[in-house]
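Colleague: Handing over data_5.txt, compact mmCIF, C-alpha atoms and all ligand atoms.
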# COMPACT_ATOMS: atom_id res chain seq x y z
CA MET T 1 0.00 0.00 0.00
CA ASN T 2 1.48 3.35 -0.96
CA LYS T 3 1.20 6.72 0.69
CA ILE T 4 -1.65 7.87 -1.51
CA ASN T 5 -3.78 4.84 -0.67
CA LEU T 6 -3.06 5.33 2.98
CA LEU T 7 -4.00 9.00 2.96
CA GLN T 8 -7.08 8.22 0.90
CA MET T 9 -8.12 5.75 3.55
CA MET T 10 -7.53 8.33 6.25
CA VAL T 11 -9.66 11.03 4.66
CA GLU T 12 -12.33 8.52 3.73
CA LYS T 13 -12.63 7.61 7.38
CA ASP T 14 -12.71 11.21 8.47
CA LYS T 15 -13.72 13.58 5.71
CA GLU T 16 -12.92 16.56 7.90
CA ASN T 17 -9.31 15.59 8.37
CA PHE T 18 -8.13 18.63 6.46
CA GLU T 19 -4.48 18.07 7.21
CA GLY T 20 -4.97 14.65 5.66
CA TRP T 21 -6.47 16.26 2.58
CA TYR T 22 -3.53 18.65 2.40
CA LEU T 23 -1.00 15.83 2.59
CA LEU T 24 -2.98 13.91 0.00
CA GLY T 25 -2.96 16.96 -2.26
CA GLU T 26 0.80 17.15 -1.94
CA GLU T 27 1.18 13.48 -2.81
CA TYR T 28 -1.08 13.84 -5.85
CA VAL T 29 0.83 16.83 -7.14
CA LYS T 30 4.09 15.03 -6.57
CA ASN T 31 2.77 12.24 -8.72
CA ASP T 32 1.54 14.62 -11.40
CA MET T 33 -2.10 13.89 -10.63
CA LEU T 34 -3.00 17.54 -10.89
CA LYS T 35 -6.77 17.35 -11.06
CA GLU T 36 -6.92 15.16 -7.98
CA GLY T 37 -4.35 17.36 -6.25
CA LEU T 38 -6.35 20.52 -6.78
CA TYR T 39 -9.48 18.81 -5.55
CA ALA T 40 -7.75 17.64 -2.37
CA PHE T 41 -6.24 21.09 -1.78
CA SER T 42 -9.64 22.72 -2.24
CA ILE T 43 -11.01 20.60 0.59
CA ALA T 44 -7.97 21.31 2.74
CA LEU T 45 -8.78 25.00 2.38
CA ASN T 46 -11.75 24.47 4.69
CA ASP T 47 -9.21 24.70 7.43
CA GLU T 48 -8.01 28.26 7.52
CA GLY T 49 -4.80 27.29 9.22
CA LEU T 50 -3.81 25.38 6.09
CA ASN T 51 -4.42 28.18 3.61
CA GLY T 52 -0.84 29.41 3.72
CA LEU T 53 0.54 25.94 3.14
CA VAL T 54 -1.76 25.16 0.24
CA GLU T 55 -0.89 28.47 -1.34
CA LYS T 56 2.79 27.76 -0.90
CA ALA T 57 2.53 24.27 -2.34
CA LEU T 58 0.69 25.56 -5.38
CA LYS T 59 3.08 28.46 -5.85
CA ASP T 60 6.01 26.11 -5.69
CA TYR T 61 4.36 23.84 -8.15
CA PHE T 62 3.49 26.50 -10.65
CA LYS T 63 6.88 28.14 -10.41
CA LEU T 64 8.29 24.79 -11.26
CA SER T 65 6.14 24.36 -14.32
CA LYS T 66 7.03 27.85 -15.47
CA GLU T 67 10.70 27.08 -15.20
CA ASN T 68 10.17 23.96 -17.20
CA PHE T 69 8.32 26.01 -19.73
CA GLU T 70 11.10 28.56 -20.01
CA VAL T 71 13.63 25.86 -20.49
CA GLU T 72 11.54 24.61 -23.32
CA ILE T 73 11.44 27.98 -25.07
CA GLU T 74 15.08 28.83 -24.67
CA GLU T 75 16.60 25.57 -25.60
CA GLU T 76 13.78 24.20 -27.61
CA ILE T 77 14.73 20.68 -26.76
CA ILE T 78 14.12 19.44 -23.25
CA ASP T 79 16.73 17.13 -22.04
CA GLU T 80 14.63 14.59 -20.18
CA GLU T 81 17.50 13.47 -18.03
CA GLU T 82 18.14 17.00 -16.89
CA ALA T 83 14.57 17.98 -16.35
CA LYS T 84 13.85 15.07 -14.07
CA PRO T 85 16.30 15.68 -11.26
CA MET T 86 15.36 19.32 -11.32
CA LYS T 87 11.76 18.41 -10.78
CA LEU T 88 12.66 16.11 -7.93
CA GLN T 89 14.71 18.77 -6.26
CA LYS T 90 11.84 21.17 -6.37
CA TYR T 91 9.53 18.72 -4.67
CA GLU T 92 11.99 18.16 -1.94
CA VAL T 93 11.84 21.84 -1.20
CA ILE T 94 8.10 21.64 -0.85
CA GLN T 95 8.47 18.87 1.63
CA GLY T 96 11.17 20.74 3.53
CA ASN T 97 8.84 23.63 4.03
CA ARG T 98 6.27 21.56 5.75
CA GLN T 99 5.67 23.01 9.15
CA ASP T 100 5.27 20.27 11.64
CA SER T 101 3.47 22.42 14.15
CA ILE T 102 0.73 23.04 11.65
CA ILE T 103 0.56 19.59 10.13
CA GLN T 104 -0.53 17.98 13.33
CA LEU T 105 -3.27 15.55 12.72
CA GLU T 106 -6.41 15.66 14.74
CA ASP T 107 -6.04 14.64 18.33
CA LYS T 108 -6.96 10.99 18.53
CA ARG T 109 -6.03 10.37 22.11
CA PRO T 110 -9.16 9.30 23.91
CA THR T 111 -8.25 7.93 27.30
CA ARG T 112 -4.87 9.13 28.34
CA VAL T 113 -3.07 7.01 30.87
CA THR T 114 0.00 8.59 32.43
CA PHE T 115 2.52 7.73 35.11
CA ASN T 116 0.09 9.08 37.67
CA ASP T 117 -2.12 6.09 36.98
CA VAL T 118 0.75 3.67 37.48
CA GLY T 119 1.09 2.87 41.15
CA GLY T 120 4.53 2.78 42.78
CA LEU T 121 7.48 1.53 40.70
CA GLU T 122 9.34 4.82 41.13
CA GLU T 123 12.66 3.33 40.01
CA LEU T 124 11.12 2.07 36.80
CA LYS T 125 9.50 5.41 36.08
CA LYS T 126 12.84 7.12 36.58
CA THR T 127 14.52 4.67 34.22
CA ILE T 128 11.87 5.17 31.57
CA ASP T 129 12.10 8.92 31.95
CA LEU T 130 15.85 8.81 31.48
CA LYS T 131 16.08 6.15 28.78
CA ILE T 132 12.93 6.87 26.83
CA ILE T 133 11.19 10.14 27.50
CA LYS T 134 14.11 12.57 27.83
CA PRO T 135 15.88 11.41 24.64
CA PHE T 136 12.57 11.56 22.82
CA VAL T 137 11.59 15.08 23.79
CA ASN T 138 15.10 16.42 23.70
CA PRO T 139 16.88 14.84 20.74
CA SER T 140 19.14 17.83 20.08
CA LEU T 141 20.84 17.47 23.43
CA PHE T 142 21.63 13.87 22.63
CA SER T 143 22.95 14.63 19.18
CA LYS T 144 25.22 17.28 20.66
CA PHE T 145 26.87 14.58 22.71
CA LYS T 146 26.88 12.28 19.71
CA LYS T 147 24.61 9.92 21.53
CA LYS T 148 22.02 8.19 19.43
CA ALA T 149 18.47 8.74 20.56
CA GLY T 150 17.04 6.16 18.18
CA GLY T 151 16.37 2.49 18.60
CA GLY T 152 13.63 0.81 20.48
CA ILE T 153 13.04 -0.12 24.07
CA LEU T 154 12.23 -3.61 25.15
CA LEU T 155 10.17 -3.93 28.30
CA TYR T 156 10.50 -7.38 29.80
CA GLY T 157 9.37 -9.09 32.95
CA PRO T 158 6.93 -11.62 34.32
CA PRO T 159 3.44 -11.68 32.76
CA GLY T 160 0.68 -9.53 34.21
CA CYS T 161 2.98 -7.00 35.82
CA GLY T 162 2.04 -3.96 33.79
CA LYS T 163 4.27 -3.90 30.71
CA THR T 164 1.40 -3.09 28.42
CA TYR T 165 -0.01 -0.66 30.92
CA ILE T 166 3.31 1.13 31.37
CA ALA T 167 3.92 1.37 27.63
CA LYS T 168 0.57 3.09 27.34
CA ALA T 169 1.39 5.41 30.23
CA THR T 170 4.71 6.27 28.56
CA SER T 171 2.91 7.36 25.42
CA GLY T 172 0.58 9.39 27.65
CA GLU T 173 3.57 11.10 29.22
CA ILE T 174 4.80 12.36 25.85
CA ASN T 175 1.26 13.00 24.67
CA ALA T 176 1.65 10.75 21.65
CA ASN T 177 -0.72 8.56 19.70
CA PHE T 178 -0.54 4.97 20.81
CA TYR T 179 -0.44 2.17 18.26
CA SER T 180 -0.54 -1.23 19.83
CA VAL T 181 0.51 -3.97 17.47
CA HIS T 182 0.20 -7.66 18.09
CA ILE T 183 1.41 -10.33 15.74
CA THR T 184 -2.16 -11.39 15.08
CA ASP T 185 -2.85 -7.92 13.69
CA ILE T 186 -0.09 -8.33 11.16
CA LEU T 187 -0.16 -11.94 10.06
CA ASP T 188 -1.62 -12.47 6.63
CA PRO T 189 -1.78 -15.83 4.89
CA TYR T 190 -0.87 -14.35 1.53
CA PHE T 191 2.72 -14.15 0.48
CA GLY T 192 4.21 -10.84 1.52
CA GLY T 193 0.96 -9.76 3.15
CA SER T 194 2.29 -9.66 6.69
CA GLU T 195 5.23 -7.52 5.65
CA ARG T 196 2.93 -5.14 3.84
CA ASN T 197 0.73 -4.85 6.91
CA LEU T 198 3.71 -4.12 9.07
CA HIS T 199 4.84 -1.42 6.67
CA GLN T 200 1.38 0.10 6.63
CA ILE T 201 1.30 0.35 10.40
CA PHE T 202 4.64 2.15 10.40
CA GLU T 203 3.37 4.56 7.75
CA THR T 204 0.20 5.27 9.69
CA ALA T 205 2.17 5.95 12.86
CA ARG T 206 4.48 8.27 10.94
CA ALA T 207 1.58 10.17 9.46
CA ASN T 208 0.11 10.67 12.93
CA LYS T 209 3.21 11.69 14.81
CA PRO T 210 4.15 11.94 17.56
CA SER T 211 3.43 8.27 17.96
CA VAL T 212 4.35 5.36 20.12
CA MET T 213 4.33 2.02 18.38
CA PHE T 214 3.96 -0.75 20.84
CA PHE T 215 4.80 -4.29 19.80
CA ASP T 216 3.30 -6.57 22.38
CA GLU T 217 4.76 -10.03 22.91
CA ILE T 218 7.53 -9.29 20.47
CA ASP T 219 8.92 -12.78 21.03
CA THR T 220 6.12 -14.06 18.79
CA ILE T 221 7.46 -11.95 15.92
CA GLY T 222 11.11 -12.35 16.64
CA TYR T 223 11.16 -15.83 18.03
CA SER T 224 14.81 -16.87 18.28
CA ARG T 225 15.62 -18.08 14.83
CA SER T 226 17.93 -20.70 16.17
CA LYS T 227 15.11 -22.19 18.22
CA SER T 228 12.45 -21.99 15.61
CA ASN T 229 12.00 -25.10 13.46
CA SER T 230 10.42 -23.21 10.65
CA ASP T 231 11.63 -20.13 8.88
CA LEU T 232 8.12 -18.84 8.48
CA MET T 233 8.66 -15.76 10.59
CA ARG T 234 11.99 -14.88 9.12
CA PRO T 235 10.78 -12.47 6.44
CA LEU T 236 8.73 -10.69 9.07
CA VAL T 237 11.72 -10.33 11.38
CA ASP T 238 13.73 -8.96 8.48
CA SER T 239 11.03 -6.45 7.60
CA MET T 240 10.80 -5.44 11.20
CA LEU T 241 14.53 -4.72 11.19
CA THR T 242 14.28 -2.73 7.98
CA GLU T 243 11.35 -0.70 9.25
CA MET T 244 13.10 0.03 12.52
CA GLU T 245 16.26 1.12 10.81
CA SER T 246 14.34 3.49 8.59
CA VAL T 247 13.05 5.34 11.63
CA ASN T 248 14.82 8.49 12.63
CA THR T 249 13.53 9.12 16.11
CA SER T 250 14.23 12.82 16.13
CA THR T 251 12.53 13.71 12.86
CA ASP T 252 9.94 10.98 12.72
CA LYS T 253 8.82 11.55 16.30
CA LEU T 254 8.17 7.87 16.44
CA LEU T 255 8.98 5.83 19.49
CA ILE T 256 9.14 2.08 19.33
CA ILE T 257 8.49 0.01 22.42
CA GLY T 258 8.41 -3.75 22.52
CA ALA T 259 7.32 -5.99 25.36
CA THR T 260 7.96 -9.60 26.13
CA ASN T 261 7.61 -12.10 28.95
CA MET T 262 10.39 -14.12 27.41
CA PRO T 263 13.32 -11.90 26.52
CA TRP T 264 15.49 -14.98 26.04
CA ASP T 265 13.26 -16.02 23.15
CA VAL T 266 13.53 -12.72 21.31
CA ASP T 267 15.61 -13.04 18.18
CA SER T 268 19.03 -11.65 18.97
CA ALA T 269 19.01 -9.74 15.68
CA LEU T 270 16.20 -7.68 17.12
CA LYS T 271 18.28 -6.82 20.17
CA ARG T 272 21.29 -5.37 18.37
CA PRO T 273 22.19 -1.66 18.47
CA GLY T 274 19.71 0.56 16.72
CA ARG T 275 16.95 -1.95 17.26
CA PHE T 276 15.46 -3.03 20.58
CA ASP T 277 18.74 -2.19 22.20
CA LYS T 278 17.55 -0.85 25.54
CA LEU T 279 16.25 -3.53 27.85
CA VAL T 280 14.09 -2.33 30.71
CA PHE T 281 13.00 -4.75 33.42
CA VAL T 282 9.43 -4.33 34.63
CA PRO T 283 9.42 -6.02 38.02
CA PRO T 284 6.43 -7.41 39.90
CA PRO T 285 4.51 -4.50 41.44
CA ASP T 286 6.00 -3.17 44.68
CA LYS T 287 3.84 -2.46 47.71
CA GLU T 288 2.72 0.97 46.48
CA ALA T 289 1.81 -0.49 43.11
CA ARG T 290 -0.13 -3.34 44.70
CA LYS T 291 -2.14 -0.87 46.74
CA VAL T 292 -3.09 1.04 43.61
CA ILE T 293 -3.95 -2.17 41.78
CA PHE T 294 -6.19 -3.37 44.64
CA GLN T 295 -7.97 -0.02 44.69
CA LEU T 296 -8.32 0.02 40.92
CA LYS T 297 -9.68 -3.48 40.62
CA LEU T 298 -12.05 -3.22 43.59
CA LEU T 299 -13.58 -0.08 42.17
CA GLY T 300 -17.31 -0.42 41.63
CA LYS T 301 -17.63 -3.64 43.61
CA PRO T 302 -19.58 -3.71 46.86
CA VAL T 303 -16.83 -3.78 49.48
CA GLU T 304 -16.89 -3.20 53.21
CA GLU T 305 -15.88 0.30 54.29
CA ASN T 306 -12.33 1.00 55.41
CA LEU T 307 -10.70 -2.02 53.81
CA ASP T 308 -7.11 -2.25 54.96
CA ILE T 309 -5.56 -1.97 51.51
CA SER T 310 -2.12 -1.62 53.01
CA LEU T 311 -2.43 -5.00 54.71
CA LEU T 312 -3.61 -6.60 51.49
CA ALA T 313 -0.58 -5.18 49.72
CA ASP T 314 1.68 -6.49 52.48
CA LYS T 315 0.30 -10.00 52.08
CA THR T 316 0.75 -10.10 48.31
CA HIS T 317 4.50 -9.86 47.90
CA LEU T 318 5.47 -10.99 44.38
CA TYR T 319 1.86 -11.05 43.18
CA SER T 320 1.47 -9.67 39.67
CA GLY T 321 -1.30 -7.24 38.68
CA ALA T 322 -3.10 -10.16 37.09
CA ASP T 323 -2.65 -12.25 40.27
CA ILE T 324 -4.27 -9.49 42.32
CA GLU T 325 -7.11 -9.36 39.86
CA ASN T 326 -7.47 -13.09 40.41
CA VAL T 327 -7.48 -12.70 44.21
CA ILE T 328 -10.42 -10.33 43.87
CA GLU T 329 -12.13 -12.73 41.48
CA VAL T 330 -11.77 -15.62 43.93
CA ALA T 331 -13.05 -13.51 46.83
CA THR T 332 -16.00 -12.26 44.78
CA GLU T 333 -16.94 -15.76 43.75
CA HIS T 334 -16.80 -16.90 47.33
CA VAL T 335 -19.09 -14.08 48.48
CA LEU T 336 -21.53 -14.71 45.65
CA ASN T 337 -21.77 -18.40 46.51
CA GLU T 338 -22.48 -17.54 50.09
CA ILE T 339 -25.16 -15.04 49.13
CA MET T 340 -26.86 -17.60 46.94
CA GLU T 341 -26.85 -20.18 49.73
CA SER T 342 -28.01 -17.88 52.49
CA ASN T 343 -30.12 -15.48 50.46
CA GLN T 344 -28.50 -12.68 52.48
CA GLU T 345 -26.76 -9.98 50.54
CA ARG T 346 -23.47 -8.67 51.86
CA SER T 347 -20.37 -6.89 50.63
CA ILE T 348 -16.84 -8.21 50.13
CA LYS T 349 -14.99 -8.16 53.46
CA MET T 350 -11.36 -8.08 54.43
CA ASP T 351 -11.52 -11.76 55.48
CA ASP T 352 -12.76 -12.82 52.04
CA LEU T 353 -9.77 -11.15 50.44
CA LEU T 354 -7.28 -12.51 52.95
CA LEU T 355 -8.68 -16.02 52.44
CA ALA T 356 -8.39 -15.62 48.67
CA ILE T 357 -4.76 -14.59 49.10
CA LYS T 358 -4.12 -17.76 51.11
CA GLN T 359 -5.74 -19.84 48.39
CA THR T 360 -3.60 -18.39 45.60
CA ASN T 361 0.09 -18.11 44.81
CA PRO T 362 2.17 -15.47 43.05
CA SER T 363 2.62 -16.48 39.43
CA THR T 364 5.82 -14.48 39.06
CA LEU T 365 7.87 -17.11 40.90
CA GLU T 366 7.89 -19.46 37.95
CA TRP T 367 9.16 -16.70 35.69
CA ILE T 368 11.83 -15.73 38.22
CA ASN T 369 13.02 -19.32 38.46
CA THR T 370 13.26 -19.56 34.70
CA ILE T 371 15.26 -16.39 34.28
CA LYS T 372 17.54 -17.42 37.13
CA ASN T 373 18.90 -20.13 34.85
CA TYR T 374 19.52 -17.65 32.07
CA ILE T 375 21.29 -15.35 34.49
CA LYS T 376 23.44 -18.18 35.77
CA TYR T 377 24.44 -19.59 32.41
CA ALA T 378 24.01 -16.86 29.86
CA ASN T 379 24.47 -13.52 31.53
CA GLN T 380 27.98 -12.83 30.33
CA SER T 381 26.96 -9.46 28.99
CA GLY T 382 25.03 -8.50 32.09
CA LEU T 383 21.87 -8.46 30.01
CA TYR T 384 19.65 -9.28 32.95
CA SER T 385 21.60 -7.65 35.75
CA ASP T 386 18.52 -5.66 36.81
CA VAL T 387 16.71 -8.92 37.43
CA ALA T 388 19.65 -10.33 39.33
CA MET T 389 19.60 -7.27 41.55
CA TYR T 390 15.85 -7.55 42.04
CA ILE T 391 16.12 -11.19 43.06
CA LYS T 392 18.86 -10.37 45.51
CA GLU T 393 16.80 -7.67 47.15
CA ASN T 394 13.38 -9.26 47.13
CA LEU T 395 13.63 -13.01 47.48
N1 LIG W 401 1.90 -0.51 38.65
C1 LIG W 401 0.63 -0.71 38.28
N2 LIG W 401 -0.29 0.23 38.54
C2 LIG W 401 -1.58 0.05 38.17
N3 LIG W 401 -2.03 -1.04 37.54
C3 LIG W 401 -1.16 -2.01 37.24
C4 LIG W 401 0.22 -1.89 37.59
N4 LIG W 401 0.86 -3.01 37.19
C5 LIG W 401 -0.09 -3.79 36.62
N5 LIG W 401 -1.29 -3.19 36.64
C6 LIG W 401 -2.56 -3.78 36.16
O1 LIG W 401 -2.34 -5.16 36.01
C7 LIG W 401 -2.93 -5.65 34.83
C8 LIG W 401 -1.94 -6.45 34.01
O2 LIG W 401 -1.03 -5.58 33.42
P1 LIG W 401 -0.51 -5.73 31.92
O3 LIG W 401 0.02 -4.41 31.52
O4 LIG W 401 -1.56 -6.33 31.05
O5 LIG W 401 0.66 -6.76 32.15
P2 LIG W 401 1.71 -7.35 31.12
O6 LIG W 401 1.61 -6.58 29.86
O7 LIG W 401 3.04 -7.18 31.81
O8 LIG W 401 1.37 -8.79 30.96
C9 LIG W 401 -3.46 -4.44 34.07
O9 LIG W 401 -4.86 -4.52 34.11
C10 LIG W 401 -2.98 -3.23 34.82
O10 LIG W 401 -4.05 -2.35 34.96
MG MG W 402 0.83 -7.34 28.11
Hey, can you dump this file as structure tokens for me?
Modeller:
Amino acid sequence: MNKINLLQMMVEKDKENFEGWYLLGEEYVKNDMLKEGLYAFSIALNDEGLNGLVEKALKDYFKLSKENFEVEIEEEIIDEEEAKPMKLQKYEVIQGNRQDSIIQLEDKRPTRVTFNDVGGLEELKKTIDLKIIKPFVNPSLFSKFKKKAGGGILLYGPPGCGKTYIAKATSGEINANFYSVHITDILDPYFGGSERNLHQIFETARANKPSVMFFDEIDTIGYSRSKSNSDLMRPLVDSMLTEMESVNTSTDKLLIIGATNMPWDVDSALKRPGRFDKLVFVPPPDKEARKVIFQLKLLGKPVEENLDISLLADKTHLYSGADIENVIEVATEHVLNEIMESNQERSIKMDDLLLAIKQTNPSTLEWINTIKNYIKYANQSGLYSDVAMYIKENL
């Protein structure tokens, strides 16, 4: 799918996306589809803020045709080879004049989650701020020190501990559009289809910058090639690498975040410099985080007044967000059963929750035991040193 198709789709979906119409007009003109270009520009003119840009694009275009015309008169013969690069150059100028502050697409950020919604995990927030947010909002500082701001970030950690949630909150922090991509969104049975889909998603994110592209469970895309029996995913991994390398974080305003429960299964090609080269460990929620999760997940349920949330958090060391959700599920079920037996309605009490905690176990332990082996036998590069530190302090 090319840029024109993509923009056509965008304006079809939202006919009042005037910036979209403007960009489409530009693309048409670039491709010598003048009639279509003028039509698109005329719609873009509905937005007064775009008038100057449309005027400029048209002026540039007509100046160009005039020059071509003059060349024709003076020299009589147009040298095709010479005329072409000249034309190209001119169009580049048009593109260079694009003012990003004006070409901001409509705000499509419905529910913004920010770090304020993420309970606890202060260390992690600091790390993300330093490794992700600062380089993203301040690329010039990084280029001054010849430090690359590009590449992607890989969030890893046990399942259900908020990787997806935190990625979303990160995009909220930089006020960007959030594109969550899962392998099932991309996979296409037709040859080359998956790669095309992937490309399209990158193009969409670029057109709607600033954007965060979030690749959830990236191990399913980049499953270690050495471990995989089939080479089915290989073209997709290669496209992913190509797409990532084509991103210039500072000009594209495109941030790429991946997440995985199984960092050891992520194709090592995806972890090289310029790709998902910053690994960030998302640990099980700390006490503060568990308190917030309990509050969040109990919201709207009939619970006894003055629940001791702090005690619940104390008793759920190493529980993931999903485990806590499960604790509440178990307690709720228990209360419902009792109500049905006794025909007496009542709310969820502290004892129900404490009992549910006794009946369940933290699921993160299995993950921690697995990664322990990787740390022991394959941590030469200190890849998982954050985890090693966490284990030392918390287990
Ligand atoms: N620190 C946190 N603060 C608030 N909610 C959290 C936190 N950590 C996890 N959660 C909640 O736990 C659930 C599971 O998190 P999720 O992001 O889906 O985990 P993961 O992507 O790591 O598997 C989500 O519903 C999220 O709301
Ligand atoms: Mg997730």
Colleague: Show me, as JSON lines, the residues of chain T having an atom within 10 Å of ligand LIG 401 (chain W), each with the closest atom pair and its distance in Å, using all atoms listed in the file.
Modeller:
{"residue": "T:Phe115", "atom": "CA", "partner": "W:LIG401", "partner_atom": "N2", "distance": 8.7}
{"residue": "T:Asn116", "atom": "CA", "partner": "W:LIG401", "partner_atom": "N2", "distance": 8.9}
{"residue": "T:Asp117", "atom": "CA", "partner": "W:LIG401", "partner_atom": "C2", "distance": 6.2}
{"residue": "T:Val118", "atom": "CA", "partner": "W:LIG401", "partner_atom": "N2", "distance": 3.7}
{"residue": "T:Gly119", "atom": "CA", "partner": "W:LIG401", "partner_atom": "N2", "distance": 4.0}
{"residue": "T:Gly120", "atom": "CA", "partner": "W:LIG401", "partner_atom": "N1", "distance": 5.9}
{"residue": "T:Leu121", "atom": "CA", "partner": "W:LIG401", "partner_atom": "N1", "distance": 6.3}
{"residue": "T:Glu122", "atom": "CA", "partner": "W:LIG401", "partner_atom": "N1", "distance": 9.5}
{"residue": "T:Leu124", "atom": "CA", "partner": "W:LIG401", "partner_atom": "N1", "distance": 9.8}
{"residue": "T:Lys125", "atom": "CA", "partner": "W:LIG401", "partner_atom": "N1", "distance": 10.0}
{"residue": "T:Leu155", "atom": "CA", "partner": "W:LIG401", "partner_atom": "O7", "distance": 8.6}
{"residue": "T:Tyr156", "atom": "CA", "partner": "W:LIG401", "partner_atom": "O7", "distance": 7.7}
{"residue": "T:Gly157", "atom": "CA", "partner": "W:LIG401", "partner_atom": "O7", "distance": 6.7}
{"residue": "T:Pro158", "atom": "CA", "partner": "W:LIG401", "partner_atom": "O7", "distance": 6.4}
{"residue": "T:Pro159", "atom": "CA", "partner": "W:LIG401", "partner_atom": "O8", "distance": 4.0}
{"residue": "T:Gly160", "atom": "CA", "partner": "W:LIG401", "partner_atom": "O8", "distance": 3.4}
{"residue": "T:Cys161", "atom": "CA", "partner": "W:LIG401", "partner_atom": "O7", "distance": 4.0}
{"residue": "T:Gly162", "atom": "CA", "partner": "W:LIG401", "partner_atom": "O3", "distance": 3.1}
{"residue": "T:Lys163", "atom": "CA", "partner": "W:LIG401", "partner_atom": "O7", "distance": 3.7}
{"residue": "T:Thr164", "atom": "CA", "partner": "W:LIG401", "partner_atom": "O3", "distance": 3.6}
{"residue": "T:Tyr165", "atom": "CA", "partner": "W:LIG401", "partner_atom": "O3", "distance": 3.8}
{"residue": "T:Ile166", "atom": "CA", "partner": "W:LIG401", "partner_atom": "O3", "distance": 6.4}
{"residue": "T:Ala167", "atom": "CA", "partner": "W:LIG401", "partner_atom": "O3", "distance": 8.0}
{"residue": "T:Lys168", "atom": "CA", "partner": "W:LIG401", "partner_atom": "O3", "distance": 8.6}
{"residue": "T:Ala169", "atom": "CA", "partner": "W:LIG401", "partner_atom": "N2", "distance": 9.9}
{"residue": "T:Asp216", "atom": "CA", "partner": "W:LIG401", "partner_atom": "O6", "distance": 7.7}
{"residue": "T:Glu217", "atom": "CA", "partner": "W:LIG401", "partner_atom": "O6", "distance": 8.4}
{"residue": "T:Ala259", "atom": "CA", "partner": "W:LIG401", "partner_atom": "O6", "distance": 7.3}
{"residue": "T:Thr260", "atom": "CA", "partner": "W:LIG401", "partner_atom": "O7", "distance": 7.9}
{"residue": "T:Asn261", "atom": "CA", "partner": "W:LIG401", "partner_atom": "O7", "distance": 7.3}
{"residue": "T:Val282", "atom": "CA", "partner": "W:LIG401", "partner_atom": "O7", "distance": 7.5}
{"residue": "T:Pro283", "atom": "CA", "partner": "W:LIG401", "partner_atom": "O7", "distance": 9.0}
{"residue": "T:Pro284", "atom": "CA", "partner": "W:LIG401", "partner_atom": "N4", "distance": 7.6}
{"residue": "T:Pro285", "atom": "CA", "partner": "W:LIG401", "partner_atom": "N1", "distance": 5.5}
{"residue": "T:Asp286", "atom": "CA", "partner": "W:LIG401", "partner_atom": "N1", "distance": 7.8}
{"residue": "T:Lys287", "atom": "CA", "partner": "W:LIG401", "partner_atom": "N1", "distance": 9.5}
{"residue": "T:Glu288", "atom": "CA", "partner": "W:LIG401", "partner_atom": "N1", "distance": 8.0}
{"residue": "T:Ala289", "atom": "CA", "partner": "W:LIG401", "partner_atom": "N1", "distance": 4.5}
{"residue": "T:Arg290", "atom": "CA", "partner": "W:LIG401", "partner_atom": "C1", "distance": 7.0}
{"residue": "T:Lys291", "atom": "CA", "partner": "W:LIG401", "partner_atom": "N2", "distance": 8.5}
{"residue": "T:Val292", "atom": "CA", "partner": "W:LIG401", "partner_atom": "C2", "distance": 5.7}
{"residue": "T:Ile293", "atom": "CA", "partner": "W:LIG401", "partner_atom": "N3", "distance": 4.8}
{"residue": "T:Phe294", "atom": "CA", "partner": "W:LIG401", "partner_atom": "N3", "distance": 8.6}
{"residue": "T:Gln295", "atom": "CA", "partner": "W:LIG401", "partner_atom": "C2", "distance": 9.1}
{"residue": "T:Leu296", "atom": "CA", "partner": "W:LIG401", "partner_atom": "N3", "distance": 7.2}
{"residue": "T:Lys297", "atom": "CA", "partner": "W:LIG401", "partner_atom": "O10", "distance": 8.1}
{"residue": "T:Tyr319", "atom": "CA", "partner": "W:LIG401", "partner_atom": "C5", "distance": 10.0}
{"residue": "T:Ser320", "atom": "CA", "partner": "W:LIG401", "partner_atom": "C5", "distance": 6.8}
{"residue": "T:Gly321", "atom": "CA", "partner": "W:LIG401", "partner_atom": "O1", "distance": 3.5}
{"residue": "T:Ala322", "atom": "CA", "partner": "W:LIG401", "partner_atom": "C8", "distance": 5.0}
{"residue": "T:Asp323", "atom": "CA", "partner": "W:LIG401", "partner_atom": "O1", "distance": 8.3}
{"residue": "T:Ile324", "atom": "CA", "partner": "W:LIG401", "partner_atom": "O1", "distance": 7.9}
{"residue": "T:Glu325", "atom": "CA", "partner": "W:LIG401", "partner_atom": "O1", "distance": 7.4}
Colleague: Would you compute the distance between CA of Val280 in chain T and CA of Ile153 in chain T? Give it in Å to one decimal.
Modeller: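 Calculated distance between CA of Val280 in chain T and CA of Ile153 in chain T is 7.1 Å.
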Colleague: CA of Asn343 in chain T to CA of Lys301 in chain T: how many Å, to one decimal?
Modeller: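 Atom-to-atom, CA of Asn343 in chain T and CA of Lys301 in chain T are spaced 18.5 Å apart.
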Colleague: Rounded to one decimal, what separation in Å do you get between CA of Leu255 in chain T and CA of Phe136 in chain T?
Modeller: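 Separation of CA of Leu255 in chain T and CA of Phe136 in chain T: 7.5 Å.
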Colleague: Could you work out an axis-aligned box for range 165-181 of chain T, taking every atom the file lists and adding 8 Å on each side, and report centre and edge lengths in Å to one decimal, as AutoDock Vina command-line options?
Modeller:
--center_x 2.0 --center_y 4.5 --center_z 24.4 --size_x 21.5 --size_y 33.0 --size_z 29.9
Colleague: Pick the closest to ligand MG 402 (chain W) from T:Asn208, T:Thr370, T:Thr251, T:Ser180: which is it, counting all atoms listed in the file?
Modeller: T:Ser180
Colleague: Do you know which residues lie at most 12 Å from (6.0, -10.2, 8.0), with coordinates as in the file and all atoms listed in the file counted, and could you write them as an MDAnalysis selection string?
Modeller: chainID T and resid 182:201 220:222 231:243
